[in-house]
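Student: Hey, dropping data07.cif in here, mmCIF, C-alpha atoms and all ligand atoms:
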```cif
data_model
loop_
_atom_site.group_PDB
_atom_site.id
_atom_site.type_symbol
_atom_site.label_atom_id
_atom_site.label_comp_id
_atom_site.auth_asym_id
_atom_site.auth_seq_id
_atom_site.Cartn_x
_atom_site.Cartn_y
_atom_site.Cartn_z
ATOM 1 C CA MET A 1 19.924 1.717 -22.910
ATOM 2 C CA PRO A 2 21.150 4.306 -20.422
ATOM 3 C CA ILE A 3 24.162 6.293 -21.625
ATOM 4 C CA ILE A 4 27.267 5.547 -19.577
ATOM 5 C CA HIS A 5 29.657 8.299 -18.525
ATOM 6 C CA HIS A 6 32.969 7.460 -16.924
ATOM 7 C CA HIS A 7 34.153 11.067 -16.689
ATOM 8 C CA ILE A 8 32.843 13.965 -14.626
ATOM 9 C CA SER A 9 33.329 16.464 -17.482
ATOM 10 C CA SER A 10 31.332 14.477 -20.047
ATOM 11 C CA LEU A 11 28.457 13.878 -17.634
ATOM 12 C CA GLN A 12 28.378 17.552 -16.727
ATOM 13 C CA GLN A 13 28.456 18.639 -20.380
ATOM 14 C CA THR A 14 25.487 16.375 -21.071
ATOM 15 C CA LEU A 15 23.468 17.588 -18.092
ATOM 16 C CA LYS A 16 24.227 21.314 -18.447
ATOM 17 C CA PRO A 17 21.748 22.171 -21.232
ATOM 18 C CA LEU A 18 19.030 19.989 -19.653
ATOM 19 C CA ARG A 19 19.195 21.513 -16.193
ATOM 20 C CA SER A 20 17.134 24.665 -16.772
ATOM 21 C CA GLN A 21 14.079 22.818 -18.142
ATOM 22 C CA GLN A 22 14.230 19.417 -16.524
ATOM 23 C CA ARG A 23 14.236 17.993 -13.034
ATOM 24 C CA ILE A 24 17.258 15.785 -12.462
ATOM 25 C CA ALA A 25 17.266 12.861 -10.023
ATOM 26 C CA LEU A 26 20.305 11.055 -8.687
ATOM 27 C CA VAL A 27 20.274 7.483 -7.401
ATOM 28 C CA PRO A 28 23.695 6.830 -5.832
ATOM 29 C CA THR A 29 24.719 3.147 -5.709
ATOM 30 C CA MET A 30 27.749 0.933 -5.449
ATOM 31 C CA GLY A 31 26.364 -1.309 -8.198
ATOM 32 C CA ASN A 32 25.541 -5.005 -7.982
ATOM 33 C CA LEU A 33 21.991 -3.818 -8.337
ATOM 34 C CA HIS A 34 18.973 -5.654 -6.960
ATOM 35 C CA ALA A 35 15.226 -4.992 -6.889
ATOM 36 C CA GLY A 36 15.701 -2.458 -4.056
ATOM 37 C CA HIS A 37 17.887 -0.258 -6.253
ATOM 38 C CA LEU A 38 15.516 -0.639 -9.194
ATOM 39 C CA GLN A 39 12.671 0.495 -6.964
ATOM 40 C CA LEU A 40 14.653 3.679 -6.216
ATOM 41 C CA VAL A 41 15.063 4.282 -9.946
ATOM 42 C CA LYS A 42 11.334 3.706 -10.546
ATOM 43 C CA MET A 43 10.500 6.238 -7.827
ATOM 44 C CA ALA A 44 13.032 8.649 -9.321
ATOM 45 C CA LYS A 45 11.459 8.288 -12.778
ATOM 46 C CA GLN A 46 8.095 9.285 -11.302
ATOM 47 C CA GLN A 47 9.475 12.383 -9.617
ATOM 48 C CA ALA A 48 11.990 13.672 -12.161
ATOM 49 C CA ASP A 49 12.526 14.022 -15.911
ATOM 50 C CA ILE A 50 16.055 12.647 -15.972
ATOM 51 C CA VAL A 51 17.486 9.910 -13.780
ATOM 52 C CA VAL A 52 21.224 9.544 -13.251
ATOM 53 C CA VAL A 53 22.379 6.391 -11.454
ATOM 54 C CA SER A 54 25.913 6.469 -10.090
ATOM 55 C CA ILE A 55 27.778 3.192 -9.766
ATOM 56 C CA PHE A 56 30.948 3.528 -7.756
ATOM 57 C CA VAL A 57 32.424 1.217 -5.151
ATOM 58 C CA ASN A 58 33.693 3.954 -2.896
ATOM 59 C CA PRO A 59 37.016 3.070 -1.258
ATOM 60 C CA THR A 60 36.796 5.769 1.432
ATOM 61 C CA GLN A 61 33.805 4.155 3.123
ATOM 62 C CA PHE A 62 35.470 0.759 3.598
ATOM 63 C CA GLY A 63 37.625 0.125 6.660
ATOM 64 C CA ILE A 64 40.812 -1.939 6.757
ATOM 65 C CA GLY A 65 39.965 -5.643 6.409
ATOM 66 C CA GLU A 66 36.471 -4.930 5.030
ATOM 67 C CA ASP A 67 35.166 -6.229 1.702
ATOM 68 C CA PHE A 68 36.313 -3.439 -0.653
ATOM 69 C CA ASP A 69 38.380 -5.804 -2.844
ATOM 70 C CA SER A 70 35.759 -8.532 -2.992
ATOM 71 C CA TYR A 71 32.727 -6.209 -3.320
ATOM 72 C CA PRO A 72 30.941 -7.439 -6.491
ATOM 73 C CA ARG A 73 31.533 -5.240 -9.551
ATOM 74 C CA THR A 74 28.934 -6.084 -12.186
ATOM 75 C CA LEU A 75 28.667 -3.003 -14.422
ATOM 76 C CA GLU A 76 27.401 -4.748 -17.559
ATOM 77 C CA ALA A 77 24.613 -6.594 -15.743
ATOM 78 C CA ASP A 78 23.767 -3.433 -13.784
ATOM 79 C CA VAL A 79 23.382 -1.383 -16.968
ATOM 80 C CA ALA A 80 21.053 -4.028 -18.430
ATOM 81 C CA LYS A 81 18.918 -3.884 -15.278
ATOM 82 C CA LEU A 82 18.864 -0.082 -15.420
ATOM 83 C CA ASP A 83 17.692 -0.281 -19.011
ATOM 84 C CA SER A 84 14.657 -2.272 -17.834
ATOM 85 C CA VAL A 85 13.602 0.641 -15.595
ATOM 86 C CA ASP A 86 14.461 3.395 -18.111
ATOM 87 C CA ALA A 87 17.332 5.055 -16.259
ATOM 88 C CA ASP A 88 18.752 7.794 -18.476
ATOM 89 C CA TYR A 89 22.413 8.006 -17.500
ATOM 90 C CA VAL A 90 24.882 5.868 -15.603
ATOM 91 C CA PHE A 91 27.826 7.608 -13.992
ATOM 92 C CA ALA A 92 30.532 4.994 -13.434
ATOM 93 C CA PRO A 93 33.781 6.829 -12.644
ATOM 94 C CA SER A 94 37.157 5.262 -11.918
ATOM 95 C CA ILE A 95 38.742 5.716 -8.496
ATOM 96 C CA ASP A 96 41.228 8.241 -9.982
ATOM 97 C CA GLU A 97 38.387 10.234 -11.493
ATOM 98 C CA MET A 98 36.663 10.525 -8.111
ATOM 99 C CA TYR A 99 39.768 10.797 -5.936
ATOM 100 C CA PRO A 100 42.766 12.453 -7.637
ATOM 101 C CA VAL A 101 44.443 12.044 -4.239
ATOM 102 C CA LEU A 102 43.530 9.018 -2.134
ATOM 103 C CA PRO A 103 42.808 9.263 0.735
ATOM 104 C CA PRO A 104 41.537 12.780 0.035
ATOM 105 C CA PRO A 105 43.083 15.326 2.406
ATOM 106 C CA THR A 106 39.760 17.212 2.550
ATOM 107 C CA LYS A 107 37.379 15.504 4.956
ATOM 108 C CA VAL A 108 33.643 15.424 5.559
ATOM 109 C CA ILE A 109 33.159 14.581 9.239
ATOM 110 C CA ALA A 110 29.669 13.379 10.004
ATOM 111 C CA GLY A 111 30.011 13.886 13.785
ATOM 112 C CA ALA A 112 28.231 12.257 16.731
ATOM 113 C CA ILE A 113 25.361 10.732 14.735
ATOM 114 C CA ALA A 114 27.954 8.709 12.802
ATOM 115 C CA LEU A 115 29.817 7.354 15.811
ATOM 116 C CA GLN A 116 26.934 5.313 17.234
ATOM 117 C CA LEU A 117 25.316 2.132 15.822
ATOM 118 C CA CYS A 118 27.287 1.117 12.679
ATOM 119 C CA GLY A 119 29.856 3.804 13.500
ATOM 120 C CA GLU A 120 30.954 1.950 16.635
ATOM 121 C CA SER A 121 32.434 -0.888 14.618
ATOM 122 C CA ARG A 122 33.030 1.182 11.443
ATOM 123 C CA PRO A 123 34.313 4.509 12.841
ATOM 124 C CA THR A 124 35.365 6.054 9.488
ATOM 125 C CA HIS A 125 32.578 4.575 7.361
ATOM 126 C CA PHE A 126 30.144 7.490 7.375
ATOM 127 C CA ASP A 127 32.850 10.092 6.798
ATOM 128 C CA GLY A 128 33.621 8.120 3.614
ATOM 129 C CA VAL A 129 29.936 8.039 2.686
ATOM 130 C CA GLY A 130 29.736 11.773 3.427
ATOM 131 C CA ILE A 131 32.580 12.762 1.122
ATOM 132 C CA VAL A 132 31.459 10.597 -1.781
ATOM 133 C CA VAL A 133 27.845 11.737 -1.542
ATOM 134 C CA ALA A 134 28.991 15.385 -1.295
ATOM 135 C CA LYS A 135 31.113 14.877 -4.414
ATOM 136 C CA LEU A 136 28.245 13.193 -6.274
ATOM 137 C CA PHE A 137 25.929 16.072 -5.358
ATOM 138 C CA ASN A 138 28.532 18.567 -6.621
ATOM 139 C CA ILE A 139 29.097 16.631 -9.838
ATOM 140 C CA VAL A 140 25.477 15.847 -10.752
ATOM 141 C CA GLN A 141 23.776 18.799 -8.983
ATOM 142 C CA PRO A 142 20.540 16.860 -8.751
ATOM 143 C CA ASP A 143 17.205 18.386 -7.773
ATOM 144 C CA VAL A 144 16.330 15.220 -5.878
ATOM 145 C CA ALA A 145 18.277 12.176 -4.664
ATOM 146 C CA PHE A 146 17.006 8.761 -3.564
ATOM 147 C CA PHE A 147 18.364 6.528 -0.805
ATOM 148 C CA GLY A 148 17.002 3.315 0.730
ATOM 149 C CA GLN A 149 15.674 3.323 4.291
ATOM 150 C CA LYS A 150 17.422 0.004 4.943
ATOM 151 C CA ASP A 151 20.545 2.098 5.548
ATOM 152 C CA TYR A 152 18.637 4.155 8.092
ATOM 153 C CA GLN A 153 21.675 5.745 9.746
ATOM 154 C CA GLN A 154 23.192 6.603 6.353
ATOM 155 C CA LEU A 155 19.973 8.340 5.332
ATOM 156 C CA ALA A 156 19.966 10.402 8.549
ATOM 157 C CA ILE A 157 23.597 11.390 7.950
ATOM 158 C CA ILE A 158 22.882 12.421 4.368
ATOM 159 C CA LYS A 159 19.978 14.606 5.537
ATOM 160 C CA GLN A 160 22.356 16.188 8.046
ATOM 161 C CA LEU A 161 24.948 16.752 5.281
ATOM 162 C CA VAL A 162 22.372 18.448 3.071
ATOM 163 C CA ARG A 163 21.285 20.687 5.960
ATOM 164 C CA ASP A 164 24.802 21.572 7.126
ATOM 165 C CA LEU A 165 26.362 22.134 3.688
ATOM 166 C CA SER A 166 23.289 23.888 2.230
ATOM 167 C CA TYR A 167 22.792 21.532 -0.688
ATOM 168 C CA GLN A 168 19.738 22.435 -2.749
ATOM 169 C CA VAL A 169 18.693 18.830 -3.141
ATOM 170 C CA GLU A 170 15.576 17.089 -1.893
ATOM 171 C CA ILE A 171 16.338 13.793 -0.178
ATOM 172 C CA VAL A 172 13.825 10.976 -0.587
ATOM 173 C CA GLY A 173 14.083 7.908 1.660
ATOM 174 C CA ALA A 174 12.517 4.875 0.004
ATOM 175 C CA PRO A 175 10.878 2.040 1.977
ATOM 176 C CA ILE A 176 12.884 -1.155 2.442
ATOM 177 C CA VAL A 177 12.326 -3.682 -0.331
ATOM 178 C CA ARG A 178 12.104 -7.222 1.071
ATOM 179 C CA ALA A 179 12.199 -10.729 -0.342
ATOM 180 C CA GLU A 180 8.949 -12.686 0.070
ATOM 181 C CA ASP A 181 10.238 -14.195 3.303
ATOM 182 C CA GLY A 182 10.954 -10.738 4.736
ATOM 183 C CA LEU A 183 14.727 -10.491 4.275
ATOM 184 C CA ALA A 184 15.706 -6.911 3.412
ATOM 185 C CA LEU A 185 17.345 -6.886 -0.033
ATOM 186 C CA SER A 186 21.046 -6.054 0.028
ATOM 187 C CA SER A 187 24.009 -6.596 -2.275
ATOM 188 C CA ARG A 188 25.708 -8.324 0.653
ATOM 189 C CA ASN A 189 22.984 -11.019 0.829
ATOM 190 C CA GLN A 190 24.956 -12.827 -1.832
ATOM 191 C CA TYR A 191 27.631 -13.633 0.750
ATOM 192 C CA LEU A 192 25.058 -15.923 2.433
ATOM 193 C CA THR A 193 25.305 -19.680 1.881
ATOM 194 C CA ASP A 194 22.040 -21.465 0.966
ATOM 195 C CA ALA A 195 21.561 -22.554 4.580
ATOM 196 C CA GLU A 196 22.249 -19.033 5.894
ATOM 197 C CA ARG A 197 19.809 -17.593 3.356
ATOM 198 C CA GLN A 198 17.095 -19.835 4.838
ATOM 199 C CA THR A 199 17.895 -18.506 8.318
ATOM 200 C CA ALA A 200 18.343 -14.828 7.416
ATOM 201 C CA PRO A 201 14.629 -13.766 7.612
ATOM 202 C CA VAL A 202 14.788 -14.395 11.378
ATOM 203 C CA LEU A 203 16.287 -10.920 11.680
ATOM 204 C CA HIS A 204 13.152 -9.257 10.276
ATOM 205 C CA GLN A 205 10.855 -11.557 12.283
ATOM 206 C CA ALA A 206 12.673 -10.674 15.510
ATOM 207 C CA LEU A 207 12.337 -6.940 14.776
ATOM 208 C CA GLN A 208 8.645 -7.282 13.987
ATOM 209 C CA ASP A 209 8.022 -9.171 17.249
ATOM 210 C CA LEU A 210 10.033 -6.614 19.197
ATOM 211 C CA ALA A 211 8.159 -3.724 17.542
ATOM 212 C CA GLU A 212 4.793 -5.255 18.481
ATOM 213 C CA GLN A 213 5.829 -5.875 22.088
ATOM 214 C CA LEU A 214 7.308 -2.389 22.405
ATOM 215 C CA ALA A 215 4.166 -0.724 21.048
ATOM 216 C CA GLN A 216 2.065 -2.806 23.427
ATOM 217 C CA LYS A 217 4.154 -1.859 26.485
ATOM 218 C CA ILE A 218 3.873 1.824 25.567
ATOM 219 C CA ALA A 219 0.111 1.535 24.961
ATOM 220 C CA GLU A 220 -0.273 -0.123 28.388
ATOM 221 C CA ASP A 221 1.875 2.529 30.107
ATOM 222 C CA SER A 222 4.237 -0.206 31.270
ATOM 223 C CA PHE A 223 7.271 0.926 29.305
ATOM 224 C CA ASP A 224 10.431 1.631 31.271
ATOM 225 C CA GLU A 225 14.134 0.850 31.127
ATOM 226 C CA VAL A 226 13.668 -2.579 32.706
ATOM 227 C CA ALA A 227 10.857 -3.494 30.296
ATOM 228 C CA LEU A 228 12.956 -2.413 27.316
ATOM 229 C CA GLN A 229 15.968 -4.385 28.527
ATOM 230 C CA SER A 230 13.884 -7.511 28.924
ATOM 231 C CA LEU A 231 12.385 -7.122 25.421
ATOM 232 C CA LEU A 232 15.854 -6.546 23.966
ATOM 233 C CA THR A 233 17.195 -9.634 25.772
ATOM 234 C CA ARG A 234 14.371 -11.756 24.343
ATOM 235 C CA ALA A 235 14.963 -10.428 20.807
ATOM 236 C CA THR A 236 18.725 -10.933 21.186
ATOM 237 C CA GLN A 237 18.149 -14.568 22.155
ATOM 238 C CA HIS A 238 15.832 -15.065 19.175
ATOM 239 C CA ILE A 239 18.459 -13.682 16.778
ATOM 240 C CA THR A 240 21.569 -15.315 18.269
ATOM 241 C CA LYS A 241 19.839 -18.710 18.580
ATOM 242 C CA ALA A 242 19.422 -18.615 14.783
ATOM 243 C CA GLY A 243 23.204 -18.277 14.406
ATOM 244 C CA PHE A 244 23.704 -14.507 14.047
ATOM 245 C CA ALA A 245 26.431 -12.580 15.878
ATOM 246 C CA ILE A 246 24.780 -9.274 16.798
ATOM 247 C CA ASP A 247 26.793 -6.109 16.290
ATOM 248 C CA TYR A 248 24.054 -3.935 17.808
ATOM 249 C CA LEU A 249 20.336 -4.072 18.511
ATOM 250 C CA GLU A 250 19.055 -0.726 19.733
ATOM 251 C CA VAL A 251 15.925 1.385 20.010
ATOM 252 C CA LYS A 252 16.207 5.103 19.187
ATOM 253 C CA THR A 253 13.958 7.988 18.322
ATOM 254 C CA THR A 254 13.435 8.272 14.568
ATOM 255 C CA ASP A 255 16.081 11.020 14.466
ATOM 256 C CA LEU A 256 18.510 8.631 16.164
ATOM 257 C CA GLN A 257 18.470 10.242 19.593
ATOM 258 C CA PRO A 258 18.264 8.316 22.895
ATOM 259 C CA ILE A 259 14.696 7.522 23.883
ATOM 260 C CA THR A 260 12.747 8.763 26.856
ATOM 261 C CA PHE A 261 11.315 6.075 29.118
ATOM 262 C CA GLU A 262 8.068 7.828 29.907
ATOM 263 C CA ALA A 263 5.311 6.160 27.952
ATOM 264 C CA SER A 264 3.041 9.170 28.536
ATOM 265 C CA THR A 265 5.644 11.551 27.021
ATOM 266 C CA LEU A 266 6.161 9.261 24.042
ATOM 267 C CA LYS A 267 2.413 9.114 23.489
ATOM 268 C CA GLU A 268 1.802 12.831 24.018
ATOM 269 C CA ASN A 269 4.576 13.737 21.584
ATOM 270 C CA GLN A 270 3.611 10.905 19.240
ATOM 271 C CA GLN A 271 7.315 10.164 19.294
ATOM 272 C CA ASP A 272 7.836 7.303 16.856
ATOM 273 C CA LEU A 273 10.729 4.986 17.588
ATOM 274 C CA VAL A 274 13.021 2.917 15.409
ATOM 275 C CA ILE A 275 14.598 -0.438 16.176
ATOM 276 C CA LEU A 276 17.933 -0.875 14.427
ATOM 277 C CA VAL A 277 19.997 -4.017 14.086
ATOM 278 C CA ALA A 278 23.263 -5.077 12.483
ATOM 279 C CA ALA A 279 24.220 -8.717 12.738
ATOM 280 C CA LYS A 280 26.653 -11.066 11.050
ATOM 281 C CA LEU A 281 25.529 -14.355 9.610
ATOM 282 C CA GLY A 282 28.576 -16.187 8.268
ATOM 283 C CA GLN A 283 30.417 -13.703 6.032
ATOM 284 C CA ALA A 284 27.436 -11.373 5.566
ATOM 285 C CA ARG A 285 26.831 -8.368 7.825
ATOM 286 C CA LEU A 286 23.108 -7.672 7.550
ATOM 287 C CA LEU A 287 21.291 -4.469 8.483
ATOM 288 C CA ASP A 288 17.617 -4.045 9.167
ATOM 289 C CA ASN A 289 15.310 -1.665 10.981
ATOM 290 C CA GLN A 290 11.686 -1.254 11.941
ATOM 291 C CA VAL A 291 9.861 1.957 12.776
ATOM 292 C CA VAL A 292 7.432 1.724 15.717
ATOM 293 C CA LYS A 293 4.542 4.155 15.325
ATOM 294 C CA ILE A 294 3.390 5.712 18.597
ATOM 295 C CA ASN A 295 -0.060 7.312 18.615
HETATM 296 O O1 LIG B 1 24.311 2.985 0.069
HETATM 297 C C1 LIG B 1 25.249 2.879 -0.749
HETATM 298 O O2 LIG B 1 25.208 2.069 -1.675
HETATM 299 C C2 LIG B 1 26.483 3.745 -0.578
HETATM 300 O O3 LIG B 1 26.794 3.941 0.761
HETATM 301 C C3 LIG B 1 26.372 5.097 -1.321
HETATM 302 C C4 LIG B 1 25.253 5.962 -0.760
HETATM 303 C C5 LIG B 1 26.120 4.842 -2.796
HETATM 304 C C6 LIG B 1 27.671 5.871 -1.184
HETATM 305 O O4 LIG B 1 28.761 5.164 -1.698
#
```
Show the structure stored in the file as structure tokens.
Tutor:
Amino acid sequence: MPIIHHHISSLQQTLKPLRSQQRIALVPTMGNLHAGHLQLVKMAKQQADIVVVSIFVNPTQFGIGEDFDSYPRTLEADVAKLDSVDADYVFAPSIDEMYPVLPPPTKVIAGAIALQLCGESRPTHFDGVGIVVAKLFNIVQPDVAFFGQKDYQQLAIIKQLVRDLSYQVEIVGAPIVRAEDGLALSSRNQYLTDAERQTAPVLHQALQDLAEQLAQKIAEDSFDEVALQSLLTRATQHITKAGFAIDYLEVKTTDLQPITFEASTLKENQQDLVILVAAKLGQARLLDNQVVKIN
């Protein structure tokens, strides 16, 4: 069984003597673990000697009226799952332990990258992710940390944080883990009713279709703003017809910059693209993305 620490000091005391000889990995989570999280831990076990999994439902990343209160807290079941993948330590602090003053007067502002996409409807979300991840890095001082690529924008913001605040931690983005029908695994999938769960894979199908059509347009040199708009309209219809309310459906460069509309430039630079979507189905807000390789 992984050893559980609820306090920063006890975790740090445990890790201190290990640090010089052993590579420490951190897998930050908000608990309610699924196969996607366990995959991160398995990857971490392969790349480090010691794996610390943090489980903390972070209040600063939830906006007013969001699901902070109802977010599933399932520590006992999570620890059992972590045992099955040989995690070494679980760090499960209380809110007071993490935030002696809440909201914390010291801020981590993620900037422009955080204001687009999810940031348009959740303007303070990534600042909350930024401060908690910064604190976790300071507490655990990992050599390497693992995040899922499903939260594509979050991963980009964490890489920016590491660059800007000079953290000596390697960031590994792990491929999206999907159910057999293609739905990206997420703790929030459990908000779906049975009927919605049947419909939910449409999101992934629509992104796959869009990715194929986009790659084809670029290959044929017939990619421009009008072509993109028409592909986006078709994908939007596909998704909304299934019952989703789309928050955003956008195409960006893989570093989340606006795209150029010259197919020749995209091809010459081998500029891969990423399609990103957030859409609500009933109570669940689902995220997904698909990288489009350009060569
Ligand atoms: O992706 C998550 O589960 C959370 O945003 C994270 C990175 C654990 C920070 O609370």
Student: Per residue of chain A within 10 Å of ligand LIG 1 (chain B), record the nearest atom pair and its distance in Å to one decimal, counting only C-alpha atoms and all ligand atoms, with rows in chain order and ascending residue number, as CSV.
Tutor:
```
residue,atom,partner,partner_atom,distance
A:Val27,CA,B:LIG1,C5,7.9
A:Pro28,CA,B:LIG1,C5,4.4
A:Thr29,CA,B:LIG1,C5,3.6
A:Met30,CA,B:LIG1,O2,4.7
A:Gly31,CA,B:LIG1,O2,7.4
A:Asn32,CA,B:LIG1,O2,9.5
A:Leu33,CA,B:LIG1,O2,9.5
A:His37,CA,B:LIG1,O2,8.9
A:Val53,CA,B:LIG1,C5,9.6
A:Ser54,CA,B:LIG1,C5,7.5
A:Ile55,CA,B:LIG1,C5,7.4
A:Phe56,CA,B:LIG1,O4,6.6
A:Val57,CA,B:LIG1,O4,6.4
A:Asn58,CA,B:LIG1,O4,5.2
A:Pro59,CA,B:LIG1,O4,8.5
A:Thr60,CA,B:LIG1,O4,8.6
A:Gln61,CA,B:LIG1,O4,7.0
A:Phe62,CA,B:LIG1,O4,9.6
A:His125,CA,B:LIG1,O3,8.8
A:Phe126,CA,B:LIG1,O3,8.2
A:Gly128,CA,B:LIG1,O4,7.8
A:Val129,CA,B:LIG1,C6,5.0
A:Gly130,CA,B:LIG1,C6,7.8
A:Ile131,CA,B:LIG1,C6,8.8
A:Val132,CA,B:LIG1,O4,6.1
A:Val133,CA,B:LIG1,C6,5.9
A:Ala134,CA,B:LIG1,C6,9.6
A:Leu136,CA,B:LIG1,C6,8.9
A:Phe146,CA,B:LIG1,C4,9.1
A:Phe147,CA,B:LIG1,C4,6.9
A:Gly148,CA,B:LIG1,O1,7.3
A:Gln149,CA,B:LIG1,O1,9.6
A:Lys150,CA,B:LIG1,O1,8.9
A:Asp151,CA,B:LIG1,O1,6.7
A:Tyr152,CA,B:LIG1,O1,9.9
A:Gln154,CA,B:LIG1,O3,7.2
A:Leu155,CA,B:LIG1,C4,8.4
A:Ile158,CA,B:LIG1,C4,8.6
A:Ser186,CA,B:LIG1,O2,9.3
A:Ser187,CA,B:LIG1,O2,8.8
```
Student: Output C-alpha atoms for every residue in that selection, as a short mmCIF file (atom, residue, chain, number, x, y, z; two decimals), in the coordinates of the input.
Tutor:
```
data_model
loop_
_atom_site.label_atom_id
_atom_site.label_comp_id
_atom_site.auth_asym_id
_atom_site.auth_seq_id
_atom_site.Cartn_x
_atom_site.Cartn_y
_atom_site.Cartn_z
CA VAL A 27 20.27 7.48 -7.40
CA PRO A 28 23.70 6.83 -5.83
CA THR A 29 24.72 3.15 -5.71
CA MET A 30 27.75 0.93 -5.45
CA GLY A 31 26.36 -1.31 -8.20
CA ASN A 32 25.54 -5.00 -7.98
CA LEU A 33 21.99 -3.82 -8.34
CA HIS A 37 17.89 -0.26 -6.25
CA VAL A 53 22.38 6.39 -11.45
CA SER A 54 25.91 6.47 -10.09
CA ILE A 55 27.78 3.19 -9.77
CA PHE A 56 30.95 3.53 -7.76
CA VAL A 57 32.42 1.22 -5.15
CA ASN A 58 33.69 3.95 -2.90
CA PRO A 59 37.02 3.07 -1.26
CA THR A 60 36.80 5.77 1.43
CA GLN A 61 33.80 4.16 3.12
CA PHE A 62 35.47 0.76 3.60
CA HIS A 125 32.58 4.58 7.36
CA PHE A 126 30.14 7.49 7.38
CA GLY A 128 33.62 8.12 3.61
CA VAL A 129 29.94 8.04 2.69
CA GLY A 130 29.74 11.77 3.43
CA ILE A 131 32.58 12.76 1.12
CA VAL A 132 31.46 10.60 -1.78
CA VAL A 133 27.84 11.74 -1.54
CA ALA A 134 28.99 15.38 -1.30
CA LEU A 136 28.24 13.19 -6.27
CA PHE A 146 17.01 8.76 -3.56
CA PHE A 147 18.36 6.53 -0.80
CA GLY A 148 17.00 3.32 0.73
CA GLN A 149 15.67 3.32 4.29
CA LYS A 150 17.42 0.00 4.94
CA ASP A 151 20.54 2.10 5.55
CA TYR A 152 18.64 4.16 8.09
CA GLN A 154 23.19 6.60 6.35
CA LEU A 155 19.97 8.34 5.33
CA ILE A 158 22.88 12.42 4.37
CA SER A 186 21.05 -6.05 0.03
CA SER A 187 24.01 -6.60 -2.28
#
```
Student: Between CA of Gln229 (chain A) and CA of Ile176 (chain A), what is the spacing in Å?
Tutor: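 One can read the CA of Ile176 (chain A) to CA of Gln229 (chain A) distance as 26.5 Å.
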Student: If we count all atoms listed in the file and set the cut-off at 8 Å, which residues sit around Glu97 (chain A), ignoring sequence neighbours fewer than 4 positions away in its own chain? Please answer as a list in words.
Tutor: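 The residues that qualify are His7, Ile8 and Pro93 of chain A.
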Student: Apply the PyMOL selection byres (((chain A and resi 247) around 8) and not hetatm) to the structure shown and report the selected residues as a list in words.
Tutor: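 Selected by the PyMOL selection byres (((chain A and resi 247) around 8) and not hetatm) in this file: Ser121, Ala245, Ile246, Tyr248, Leu249, Val277, Ala278, Ala279 and Lys280 of chain A.
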Student: Near Arg23 (chain A), within 9 Å and counting only C-alpha atoms, which residues show up once chain neighbours fewer than 6 positions away are dropped, as a list of chain:residue names?
Tutor: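 What passes the distance filter is A:Gln47, A:Ala48, A:Asp49, A:Ile50, A:Val51, A:Pro142, A:Asp143, A:Val144.
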Student: Now that the selection is made, can you save its residues with C-alpha atoms as a PDB file, in the frame of the given file?
Tutor:
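Dumped to part15.pdb:
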```pdb
ATOM      1  CA  GLN A  47       9.475  12.383  -9.617  1.00  0.00           C
ATOM      2  CA  ALA A  48      11.990  13.672 -12.161  1.00  0.00           C
ATOM      3  CA  ASP A  49      12.526  14.022 -15.911  1.00  0.00           C
ATOM      4  CA  ILE A  50      16.055  12.647 -15.972  1.00  0.00           C
ATOM      5  CA  VAL A  51      17.486   9.910 -13.780  1.00  0.00           C
ATOM      6  CA  PRO A 142      20.540  16.860  -8.751  1.00  0.00           C
ATOM      7  CA  ASP A 143      17.205  18.386  -7.773  1.00  0.00           C
ATOM      8  CA  VAL A 144      16.330  15.220  -5.878  1.00  0.00           C
TER       9      VAL A 144
END
```
Student: Taking into account all atoms listed in the file, which residue in the set A:Ile171, A:Leu286, A:Leu185, A:Ile294 is nearest to Leu203 (chain A)?
Tutor: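 Comparing A:Ile171, A:Leu286, A:Leu185, A:Ile294 against Leu203 (chain A), the winner is A:Leu286.
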